[in-house]
Amino acid sequence: MQPTMTKSELIELISNKIKLPKGKAEQIVNCIFDSMVDALKKGEGIEIRGFGSFTVREYKSYEGRNPRTGTPVHVAPKRLPFFKVGKELRERVNASEEEQAAGSAANGSSGSTTGGNSGSSNSGNTTAAAGG
């Protein structure tokens, strides 16, 4: 499993980066998250240029099946948040993967051979990251 940043780690990072007390940083993070949740509850979309957009997708009710018993089960309609990554964020994440691959290629014995392999290796990393 890949490491993830928790909310408390995000608060600490913000606190350290802009020299704020942790309590203030926590208020800022909570305010942002609460505002986003409120907007999504109202059915509004959220667009953060260069980062991505959040929307609410609505799903109709349907008759499903209990996988264990096979009996029919009514599934109620639901609304779920959906995130679509922005172009700039996607490029920045991919650039960091390429930089890491280039960094490990620079440590290898033959730059041209390793450089050729880093492209196919990077493709494998992208697939694994998307699946995990």
# chains A, B, ... in the order shown; residues from 1 in each chain; ligands from 1

call {"tool": "residues_around", "arguments": {"residues": "Lys78 (chain A)", "least_positions_apart": "4", "cutoff": "9 Å", "atoms": "only C-alpha atoms", "output": "number ranges by chain"}}
result
A: 57-61

call {"tool": "write_last_selection", "arguments": {"atoms": "C-alpha atoms", "output": "JSON list (two decimals), in the first residue's frame"}}
result
[["chain", "number", "residue", "atom", "x", "y", "z"],
["A", 57, "ARG", "CA", -23.19, 12.33, -9.64],
["A", 58, "GLU", "CA", -26.71, 11.10, -9.08],
["A", 59, "TYR", "CA", -27.55, 7.43, -9.38],
["A", 60, "LYS", "CA", -31.08, 6.05, -9.74],
["A", 61, "SER", "CA", -32.42, 3.24, -7.59]]

call {"tool": "select_by_dssp", "arguments": {"residues": "region 2-128 of chain A", "states": "alpha helix (DSSP H)", "output": "PDB file with C-alpha atoms, in the first residue's frame"}}
result
ATOM      1  CA  LYS A   7      -5.620  15.451   7.460  1.00  0.00           C
ATOM      2  CA  SER A   8      -3.448  15.981  10.563  1.00  0.00           C
ATOM      3  CA  GLU A   9      -0.284  15.731   8.432  1.00  0.00           C
ATOM      4  CA  LEU A  10      -1.739  18.300   6.026  1.00  0.00           C
ATOM      5  CA  ILE A  11      -2.489  20.628   8.944  1.00  0.00           C
ATOM      6  CA  GLU A  12       1.065  20.230  10.257  1.00  0.00           C
ATOM      7  CA  LEU A  13       2.532  20.871   6.800  1.00  0.00           C
ATOM      8  CA  ILE A  14       0.494  24.067   6.391  1.00  0.00           C
ATOM      9  CA  SER A  15       1.373  25.165   9.922  1.00  0.00           C
ATOM     10  CA  ASN A  16       5.095  24.750   9.257  1.00  0.00           C
ATOM     11  CA  LYS A  17       5.047  26.165   5.737  1.00  0.00           C
ATOM     12  CA  LYS A  22      -1.457  24.375  14.409  1.00  0.00           C
ATOM     13  CA  GLY A  23      -4.851  25.493  15.739  1.00  0.00           C
ATOM     14  CA  LYS A  24      -5.106  28.218  13.083  1.00  0.00           C
ATOM     15  CA  ALA A  25      -3.968  25.848  10.341  1.00  0.00           C
ATOM     16  CA  GLU A  26      -6.591  23.340  11.487  1.00  0.00           C
ATOM     17  CA  GLN A  27      -9.304  26.031  11.343  1.00  0.00           C
ATOM     18  CA  ILE A  28      -8.264  26.902   7.781  1.00  0.00           C
ATOM     19  CA  VAL A  29      -8.291  23.270   6.622  1.00  0.00           C
ATOM     20  CA  ASN A  30     -11.641  22.587   8.321  1.00  0.00           C
ATOM     21  CA  CYS A  31     -13.143  25.754   6.827  1.00  0.00           C
ATOM     22  CA  ILE A  32     -12.052  24.749   3.318  1.00  0.00           C
ATOM     23  CA  PHE A  33     -13.326  21.175   3.672  1.00  0.00           C
ATOM     24  CA  ASP A  34     -16.621  22.294   5.243  1.00  0.00           C
ATOM     25  CA  SER A  35     -17.177  24.834   2.469  1.00  0.00           C
ATOM     26  CA  MET A  36     -16.534  22.169  -0.157  1.00  0.00           C
ATOM     27  CA  VAL A  37     -18.922  19.718   1.511  1.00  0.00           C
ATOM     28  CA  ASP A  38     -21.629  22.400   1.795  1.00  0.00           C
ATOM     29  CA  ALA A  39     -21.298  23.253  -1.906  1.00  0.00           C
ATOM     30  CA  LEU A  40     -21.511  19.587  -2.919  1.00  0.00           C
ATOM     31  CA  LYS A  41     -24.554  19.047  -0.663  1.00  0.00           C
ATOM     32  CA  LYS A  87      -4.542  18.926 -16.630  1.00  0.00           C
ATOM     33  CA  GLU A  88      -1.895  20.854 -14.659  1.00  0.00           C
ATOM     34  CA  LEU A  89      -2.084  18.525 -11.635  1.00  0.00           C
ATOM     35  CA  ARG A  90      -1.880  15.456 -13.877  1.00  0.00           C
ATOM     36  CA  GLU A  91       1.177  16.894 -15.646  1.00  0.00           C
ATOM     37  CA  ARG A  92       2.879  17.838 -12.355  1.00  0.00           C
ATOM     38  CA  VAL A  93       2.305  14.376 -10.864  1.00  0.00           C
ATOM     39  CA  ASN A  94       3.601  12.692 -14.006  1.00  0.00           C
ATOM     40  CA  ALA A  95       6.575  15.078 -14.153  1.00  0.00           C
ATOM     41  CA  SER A  96       7.566  14.105 -10.609  1.00  0.00           C
ATOM     42  CA  GLU A  97       7.452  10.413 -11.593  1.00  0.00           C
ATOM     43  CA  GLU A  98       9.598  11.151 -14.640  1.00  0.00           C
ATOM     44  CA  GLU A  99      12.059  13.149 -12.513  1.00  0.00           C
ATOM     45  CA  GLN A 100      12.337  10.244 -10.062  1.00  0.00           C
ATOM     46  CA  ALA A 101      12.884   7.822 -12.939  1.00  0.00           C
ATOM     47  CA  ALA A 102      15.481  10.170 -14.438  1.00  0.00           C
ATOM     48  CA  GLY A 103      17.178  10.478 -11.040  1.00  0.00           C
ATOM     49  CA  SER A 104      17.473   6.721 -10.673  1.00  0.00           C
ATOM     50  CA  ALA A 105      18.609   6.483 -14.308  1.00  0.00           C
ATOM     51  CA  ALA A 106      21.369   9.004 -13.585  1.00  0.00           C
ATOM     52  CA  GLY A 111      22.552   6.578 -19.158  1.00  0.00           C
ATOM     53  CA  SER A 112      21.284   5.802 -22.676  1.00  0.00           C
ATOM     54  CA  THR A 113      20.310   2.197 -21.963  1.00  0.00           C
ATOM     55  CA  THR A 114      18.711   3.031 -18.626  1.00  0.00           C
ATOM     56  CA  GLY A 115      16.988   6.069 -20.142  1.00  0.00           C
ATOM     57  CA  GLY A 116      15.346   3.849 -22.750  1.00  0.00           C
ATOM     58  CA  ASN A 117      14.129   1.476 -20.082  1.00  0.00           C
ATOM     59  CA  SER A 118      12.866   4.234 -17.812  1.00  0.00           C
ATOM     60  CA  GLY A 119      10.112   5.046 -20.320  1.00  0.00           C
ATOM     61  CA  SER A 120       8.690   1.527 -20.240  1.00  0.00           C
ATOM     62  CA  SER A 121       9.281   1.299 -16.489  1.00  0.00           C
ATOM     63  CA  ASN A 122       7.427   4.571 -16.011  1.00  0.00           C
ATOM     64  CA  SER A 123       4.457   3.198 -17.954  1.00  0.00           C
ATOM     65  CA  GLY A 124       4.310   0.267 -15.571  1.00  0.00           C
ATOM     66  CA  ASN A 125       4.393   2.608 -12.566  1.00  0.00           C
ATOM     67  CA  THR A 126       1.536   4.653 -13.961  1.00  0.00           C
ATOM     68  CA  THR A 127      -0.599   1.530 -14.424  1.00  0.00           C
ATOM     69  CA  ALA A 128       0.216   0.276 -10.938  1.00  0.00           C
TER      70      ALA A 128
END

call {"tool": "closest_residue", "arguments": {"among": "A:Pro21, A:Pro3, A:Gly43, A:Gly64", "to": "Arg79 (chain A)", "atoms": "only C-alpha atoms"}}
result
A:Gly43
